[in-house]
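Colleague: My questions will all concern the structure given below.
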Amino acid sequence: MSSTRTLLFLEDDKDLQSLVCTFLREKGYRVEPARTAAEAMAVIARVPVDAAIVDGLLPGMTGADFIRELRKTQPDLPILFASAFWKDLKSHELLTRQLRVARIIHKPYRPEELLVWVAQLFASIPPPPPPEALEEVEAVGDDLAASLAALNAEYGAKLREKVSGLEALLGRVRAGETAAMDEAYTVVHKLHGTAGSYGYAEVSTAAGRLELVLKPAREGGALDVGAMEEAFHALAAKAAVSVKPAPAVKAPGPLLPTEGVLLVVDADAAVLADAERLGKAHVVRVLTARTADEALAVARRQWVDGVLVHMHLDGPLGGITVAHALRAEEGLGMLPLAFTGAGGALEDRVAAAHAGASLFLPRPFTSQDFTAAAERMVAARRPERARVLVVDDDPEAITALTHALASDHIEVVGLGDAHGLMEALAEHRPDLLLLDVQMPGPSGFDLCRILRSTPEWQELPVLLITAHVGLEFRLAAFQAGADDYLSKPVLREELRARVQARLERARLSKERAERDALTGLLLRRPFIDGLRARLAESQRQSKPLALCFLDVDHFKQVNDKFGHLAGDRVLTRLGRLLGARFRREDVRGRWGGEEFVVALLGETAASAKEILGRTAAELAGMTFEGDAGESFHITFSAGISVSSTDGASVEELLKIADARLYRAKANGRNRIET
């Protein structure tokens, strides 16, 4: 008998039906489509189905009416209900309690999201998917999968010991010890929530049944000793069976190379050979190129963390041309750059900083110089890891969640004592919080309410983990301020999908809140935050920091003469120019209107003026088009202040740079005042 699951998909939208059927079939499910209630009933009469997906609005009747009819002949068929309208409390009551719908899915949904709910629907219904279907599950890294498999085996080895300890506790419960009831309930609750995460779903289910038996007595009611004995023996029988956890799935290649990759562009064969030797000594993969064309070919072919380019490749400042060409490639706009050159003249260093280089290495460079440059560029190129804080009093649950989530992109920190949450938040600054609902001391609901009343953490995404998924719980979770919830046992694929979706949404929300939509630069408040951080860094390192105020000359005339859309194009182009032409550590923002600000770490008034002058010349050489098609050019004026010389605070530097900007305007515009 085949173990392939058969789904009835009742959906009137032909396009959606085609998309979902194709997707689910590729994932190993057999899908029987229907567009009307009559077609669906014909399918059920012809083919045994394991579950149904029913749309809320059908030709001639509602999805709820269809389910009501279906329940007369299929009282236990698992059903997912999809609709854009059934969102009020009364509707939930009707669907989940009276019609026994397993889950309500709100449209529009993605096929991947639907797959999560379908997989969860079948998770507790034997038989499990065959090995061929397991190959379709999203793979995790080889090391992570191997670690999880080892943990599964280790957890399985401890199961009998845990059950033996539970048996002793239940003996004390029968003897009337109140404290033993709390201990036994805690053990059972953890087994219910954790065993499934380790691959022992039947143990988790049996523990859940025992938990339901113990719960009334723990809350002051009478204990049904017979039911307790029966539920415990069922749990012991499941734990005694040697269960083989799901096999590790072979992962695809990582998105990023595990070692750093550095591209060295130089016409000198000896320099290239030396760079390759240093790379091998310091576990950095060095790729080489002798010309600009070779460098572009390498960068287009594979991942590169950073580029070290000879300043005078193929002539004076030829390396600058290479840098601009590389950063013009799609996806390489923020590629970390370093230049190398003999002597390191001020003109070369200024040109390198303007091109976006974070480092300038003298020739010949030392092993220490090369290593520092490689480490800095690799760290800058790799995407920042999001941090997830897991709060659970069960250390094994923390371990399971950590191994399910940890990756190149996510770092997981565990906390076993809920009382230390605020200190942990301040120390680790997480991007998302996973809270177990039922813990000693404050519950997950209590902690969620505390966070939502604390301004600093009001926007932190919070996911609750619980064994209870009834309507009352869902309402309580959202009323407490949770963003989402996960039911125990937690399915790894669902956990990862939900966490990644929340992290991405939080990142986009932060991006929208901090960046100007027109120019892509930081808005005033986040710019000032970045400026304060750079100023503190400059003071720690005893380096200067140059603050530059820029203002587009005669911008009102541009709007009046060439049109407001032309004015927007000017601001957009200038924003992109500022975003592409400076170093990663330099802070750039739109102050408001046609005013911009740039903070250059480590630059004096003279070098900052030279760097900004190059940007001014590049902007002046651009041709803009008015709304009626006419051509025009623009310039900007700027004022520069420097830390320690002009002031030690952000406020002083802004005030002085602004005053010098107005002096530049008064002196004729298209100039930079220091």
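By convention here, the chains of the structure tokens are called A, B, ... in the order presented, each chain's residues are numbered starting at 1, and ligands are numbered starting at 1 in the order presented.
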At most 8 Å is the cut-off: for each residue in region 575-610 of chain A with any atom that close to an atom of region 550-569 of chain A, write down the nearest atom pair and the distance in Å rounded to one decimal, counting only C-alpha atoms, chain first then increasing number, as CSV.

Modeller:
```
residue,atom,partner,partner_atom,distance
A:Glu594,CA,A:Val552,CA,5.7
A:Glu595,CA,A:Asp551,CA,4.5
A:Phe596,CA,A:Leu550,CA,5.0
A:Val597,CA,A:Leu550,CA,6.0
```

Colleague: DSSP on the backbone: what in region 208-405 of chain A comes out strand (DSSP E), as a PyMOL selection string?

Modeller: chain A and resi 260-265+284-289+306-310+337-341+357-362+386-391

Colleague: What are the closest atom pairs, with distances in Å to one decimal, for all residues of region 249-338 of chain A lying within 9 Å of region 577-592 of chain A? Consider only C-alpha atoms, order rows by chain and residue number, and present the result as a tab-separated table.

Modeller:
```
residue	atom	partner	partner_atom	distance
A:His324	CA	A:Arg581	CA	8.7
A:Arg327	CA	A:Ala580	CA	7.9
A:Gly333	CA	A:Ala580	CA	6.7
A:Met334	CA	A:Ala580	CA	7.2
A:Leu335	CA	A:Arg584	CA	9.0
A:Pro336	CA	A:Arg584	CA	7.4
A:Leu337	CA	A:Arg583	CA	8.3
```

Colleague: Using C-alpha atoms, can you export the residues from the last selection as a PDB file, in the first residue's frame?

Modeller:
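What follows is the written file selection_33.pdb:
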```pdb
ATOM      1  CA  HIS A 324      34.423  51.524 -10.348  1.00  0.00           C
ATOM      2  CA  ARG A 327      31.174  48.097  -8.096  1.00  0.00           C
ATOM      3  CA  GLY A 333      27.729  47.866  -5.192  1.00  0.00           C
ATOM      4  CA  MET A 334      29.155  47.526  -1.660  1.00  0.00           C
ATOM      5  CA  LEU A 335      32.085  45.224  -2.477  1.00  0.00           C
ATOM      6  CA  PRO A 336      34.884  45.917   0.057  1.00  0.00           C
ATOM      7  CA  LEU A 337      37.927  47.469  -1.605  1.00  0.00           C
TER       8      LEU A 337
END
```

Colleague: In terms of the shortest atom-to-atom distance over only C-alpha atoms, which of A:Gly647, A:Pro461, A:Gly171, A:Pro362 is closest to Asp483 (chain A)?

Modeller: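 Among the listed residues, the smallest separation from Asp483 (chain A) belongs to A:Pro461.
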
Colleague: Can you tell me which residues surround Met41 (chain A) at a distance of at most 12 Å, considering only C-alpha atoms, apart from same-chain residues fewer than 2 positions away, and format the answer as a PyMOL selection string?

Modeller: chain A and resi 8-10+32-39+43-49+52+66-67+69-74

Colleague: Looking at A:Gly176, A:Leu115, A:Glu459, A:Gly444, which one is nearest to Leu24 (chain A), with distances taken over only C-alpha atoms?

Modeller: A:Leu115
